[in-house]
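Colleague: Let me give you the structure first, and then I'll get to my questions.
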Amino acid sequence: MSDLSERLHEAATAERAAVAKRVEELREQACRMRDLADAVDADLAASMRLLDQLDEMLGDAPQLSITPSDETLRGQRLREVAIQVLKRHKGEAVPVHYREWYELVVYDGHRVAGKDPVATFLTQVSRAPEIESVGRRSGLYRLRAA
């Protein structure tokens with residue numbers, strides 16, 4: 001034991017236990033929130049696809065010509081396609097979560113290379129000079145204003 005009095009040592013030990021418990025509770029809460037956000041992102045992507053289909057059916061939107069490509073996207077080509085998709089679906093300076101953006105790219109008929117395509121996608125788009133992160137560790141990105 002250091003130069004701390006026994007009473008101070010006991011108080012610090014108790015405080016440490018309380019803080020450690022709070023850290024674990026916050027970790028669990030963060031995990032639940034990420035799971036919820038992932039579920040909302042998936043629901044959003046499905047609803048967007050349905051909305052597009054209904055708009056096409058009603059004649060309110062031009063028909064999409066989704067022609068799946070044999071090309072598996074990676075590197076610079078992935079960044080180019082992802083930026084085109086973002087411009088078409090969201091426009092400039094509109095924040096989008098990278099998972100939603102990935103879903104838009106897949107919805108448009110593209111495939112992303114890698115063992116974990118979402119991670120590959122995120123790595124590549126975050127390197128594009130035309131893209132900027134919104135907030136710190138938010139997962140949100142947008143096209144830089146021209």
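How things are named: the first chain in the structure tokens is A, the next is B, and so on; residues count from 1 in each chain; ligands count from 1 in the order shown.
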For stretch 102-111 of chain A, find every residue with an atom within 12 Å (counting only C-alpha atoms), except residues of its own chain fewer than 5 positions away, and show them as a ChimeraX atom specification.

Modeller: /A:38,41-50,52-53,64-74,77-90,96-97,116-125,139-141

Colleague: Kindly export the residues of the current selection with N, CA and C atoms, as a short mmCIF file (atom, residue, chain, number, x, y, z; two decimals), in the first residue's frame.

Modeller:
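Saved file again_9.cif follows:
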data_model
loop_
_atom_site.label_atom_id
_atom_site.label_comp_id
_atom_site.auth_asym_id
_atom_site.auth_seq_id
_atom_site.Cartn_x
_atom_site.Cartn_y
_atom_site.Cartn_z
N ASP A 38 -28.32 -0.15 -35.68
CA ASP A 38 -28.18 -1.05 -36.82
C ASP A 38 -29.55 -1.51 -37.32
N ASP A 41 -31.17 1.38 -39.09
CA ASP A 41 -30.55 1.56 -40.41
C ASP A 41 -31.08 0.55 -41.42
N ALA A 42 -31.20 -0.70 -41.00
CA ALA A 42 -31.71 -1.74 -41.89
C ALA A 42 -33.17 -1.46 -42.27
N ASP A 43 -33.97 -1.05 -41.29
CA ASP A 43 -35.37 -0.72 -41.56
C ASP A 43 -35.46 0.48 -42.49
N LEU A 44 -34.62 1.48 -42.28
CA LEU A 44 -34.59 2.65 -43.14
C LEU A 44 -34.24 2.27 -44.58
N ALA A 45 -33.23 1.45 -44.76
CA ALA A 45 -32.83 1.04 -46.11
C ALA A 45 -33.97 0.28 -46.79
N ALA A 46 -34.63 -0.62 -46.07
CA ALA A 46 -35.75 -1.37 -46.64
C ALA A 46 -36.91 -0.44 -46.99
N SER A 47 -37.19 0.51 -46.12
CA SER A 47 -38.28 1.46 -46.39
C SER A 47 -37.95 2.36 -47.58
N MET A 48 -36.69 2.74 -47.71
CA MET A 48 -36.28 3.55 -48.86
C MET A 48 -36.45 2.78 -50.17
N ARG A 49 -36.09 1.50 -50.14
CA ARG A 49 -36.27 0.67 -51.34
C ARG A 49 -37.75 0.57 -51.69
N LEU A 50 -38.59 0.34 -50.69
CA LEU A 50 -40.03 0.25 -50.92
C LEU A 50 -40.58 1.57 -51.45
N ASP A 52 -38.99 3.88 -53.15
CA ASP A 52 -38.55 4.01 -54.54
C ASP A 52 -39.41 3.15 -55.47
N GLN A 53 -39.69 1.93 -55.05
CA GLN A 53 -40.50 1.03 -55.87
C GLN A 53 -41.91 1.58 -56.05
N LEU A 64 -35.63 3.03 -62.36
CA LEU A 64 -34.20 2.79 -62.19
C LEU A 64 -33.78 1.66 -63.12
N SER A 65 -32.63 1.82 -63.67
CA SER A 65 -32.10 0.73 -64.48
C SER A 65 -30.99 0.08 -63.66
N ILE A 66 -31.42 -0.82 -62.83
CA ILE A 66 -30.46 -1.51 -61.99
C ILE A 66 -29.90 -2.68 -62.79
N THR A 67 -28.70 -2.52 -63.17
CA THR A 67 -28.03 -3.59 -63.91
C THR A 67 -26.85 -4.03 -63.08
N PRO A 68 -27.03 -5.10 -62.35
CA PRO A 68 -25.93 -5.57 -61.51
C PRO A 68 -24.68 -5.78 -62.34
N SER A 69 -23.59 -5.37 -61.78
CA SER A 69 -22.31 -5.45 -62.46
C SER A 69 -21.55 -6.66 -61.94
N ASP A 70 -20.74 -7.22 -62.83
CA ASP A 70 -19.86 -8.30 -62.39
C ASP A 70 -18.66 -7.73 -61.65
N GLU A 71 -18.52 -6.40 -61.72
CA GLU A 71 -17.41 -5.73 -61.08
C GLU A 71 -17.61 -5.68 -59.57
N THR A 72 -16.64 -6.16 -58.85
CA THR A 72 -16.64 -6.03 -57.40
C THR A 72 -15.81 -4.80 -57.08
N LEU A 73 -16.43 -3.86 -56.37
CA LEU A 73 -15.80 -2.57 -56.14
C LEU A 73 -14.75 -2.63 -55.05
N ARG A 74 -13.66 -1.91 -55.30
CA ARG A 74 -12.59 -1.76 -54.32
C ARG A 74 -11.81 -0.50 -54.66
N ARG A 77 -12.13 2.93 -57.46
CA ARG A 77 -13.42 2.72 -58.14
C ARG A 77 -14.56 2.68 -57.13
N LEU A 78 -14.35 2.07 -55.99
CA LEU A 78 -15.37 2.04 -54.94
C LEU A 78 -15.67 3.47 -54.49
N ARG A 79 -14.64 4.28 -54.28
CA ARG A 79 -14.86 5.67 -53.86
C ARG A 79 -15.66 6.44 -54.91
N GLU A 80 -15.32 6.26 -56.18
CA GLU A 80 -16.03 6.96 -57.26
C GLU A 80 -17.51 6.59 -57.30
N VAL A 81 -17.78 5.30 -57.25
CA VAL A 81 -19.17 4.82 -57.31
C VAL A 81 -19.94 5.29 -56.07
N ALA A 82 -19.32 5.17 -54.90
CA ALA A 82 -19.99 5.56 -53.66
C ALA A 82 -20.35 7.05 -53.69
N ILE A 83 -19.46 7.87 -54.21
CA ILE A 83 -19.73 9.32 -54.30
C ILE A 83 -20.87 9.59 -55.28
N GLN A 84 -20.87 8.89 -56.42
CA GLN A 84 -21.97 9.07 -57.39
C GLN A 84 -23.31 8.68 -56.76
N VAL A 85 -23.32 7.57 -56.05
CA VAL A 85 -24.56 7.10 -55.40
C VAL A 85 -25.02 8.11 -54.36
N LEU A 86 -24.09 8.62 -53.57
CA LEU A 86 -24.46 9.60 -52.54
C LEU A 86 -25.01 10.88 -53.16
N LYS A 87 -24.38 11.35 -54.23
CA LYS A 87 -24.87 12.56 -54.91
C LYS A 87 -26.29 12.34 -55.42
N ARG A 88 -26.54 11.18 -56.00
CA ARG A 88 -27.84 10.88 -56.59
C ARG A 88 -28.93 10.73 -55.53
N HIS A 89 -28.61 10.10 -54.43
CA HIS A 89 -29.63 9.81 -53.42
C HIS A 89 -29.78 10.89 -52.35
N LYS A 90 -28.69 11.58 -52.02
CA LYS A 90 -28.74 12.52 -50.89
C LYS A 90 -28.38 13.95 -51.28
N VAL A 96 -25.19 11.35 -43.89
CA VAL A 96 -25.72 10.00 -44.03
C VAL A 96 -24.83 9.06 -43.23
N HIS A 97 -25.45 8.11 -42.54
CA HIS A 97 -24.67 7.12 -41.81
C HIS A 97 -24.04 6.17 -42.82
N ASP A 116 -15.10 -8.33 -45.04
CA ASP A 116 -16.15 -7.54 -44.39
C ASP A 116 -16.43 -6.35 -45.30
N PRO A 117 -17.37 -6.49 -46.25
CA PRO A 117 -17.61 -5.43 -47.23
C PRO A 117 -17.96 -4.08 -46.61
N VAL A 118 -18.68 -4.07 -45.50
CA VAL A 118 -19.04 -2.80 -44.87
C VAL A 118 -17.78 -2.10 -44.35
N ALA A 119 -16.88 -2.86 -43.76
CA ALA A 119 -15.62 -2.28 -43.26
C ALA A 119 -14.77 -1.78 -44.43
N THR A 120 -14.73 -2.54 -45.52
CA THR A 120 -14.00 -2.09 -46.71
C THR A 120 -14.60 -0.80 -47.23
N PHE A 121 -15.92 -0.76 -47.29
CA PHE A 121 -16.62 0.44 -47.76
C PHE A 121 -16.25 1.64 -46.90
N LEU A 122 -16.36 1.48 -45.58
CA LEU A 122 -16.08 2.59 -44.67
C LEU A 122 -14.63 3.06 -44.81
N THR A 123 -13.71 2.14 -44.89
CA THR A 123 -12.29 2.50 -45.03
C THR A 123 -12.08 3.33 -46.29
N GLN A 124 -12.67 2.90 -47.39
CA GLN A 124 -12.45 3.59 -48.66
C GLN A 124 -13.13 4.95 -48.71
N VAL A 125 -14.38 5.03 -48.31
CA VAL A 125 -15.08 6.32 -48.43
C VAL A 125 -14.49 7.36 -47.47
N GLY A 139 -20.26 8.09 -37.23
CA GLY A 139 -20.58 7.23 -38.36
C GLY A 139 -21.24 8.00 -39.49
N LEU A 140 -21.37 9.31 -39.32
CA LEU A 140 -22.02 10.14 -40.32
C LEU A 140 -20.99 10.79 -41.24
N TYR A 141 -21.31 10.82 -42.53
CA TYR A 141 -20.45 11.43 -43.54
C TYR A 141 -21.32 12.25 -44.49
#

Colleague: To one decimal place, how far is atom CA of A:Ser133 from atom CA of A:Tyr98 in Å?

Modeller: 10.0 Å

Colleague: Which one of A:Arg99, A:Glu6, A:Ala17, A:Leu143 sits closest to A:Ala39 if you count only C-alpha atoms?

Modeller: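 Looking only at the distances to A:Ala39, the closest residue turns out to be A:Arg99.
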
Colleague: Apply DSSP to the backbone of this structure and, from stretch 1-78 of chain A, keep only the residues in alpha helix (DSSP H); write these as a ChimeraX atom specification.

Modeller: /A:6-58,75-78

Colleague: Do you have the atom CA of A:Gly75-atom CA of A:Ala113 distance handy?

Modeller: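 These two atoms are separated by 9.1 Å.
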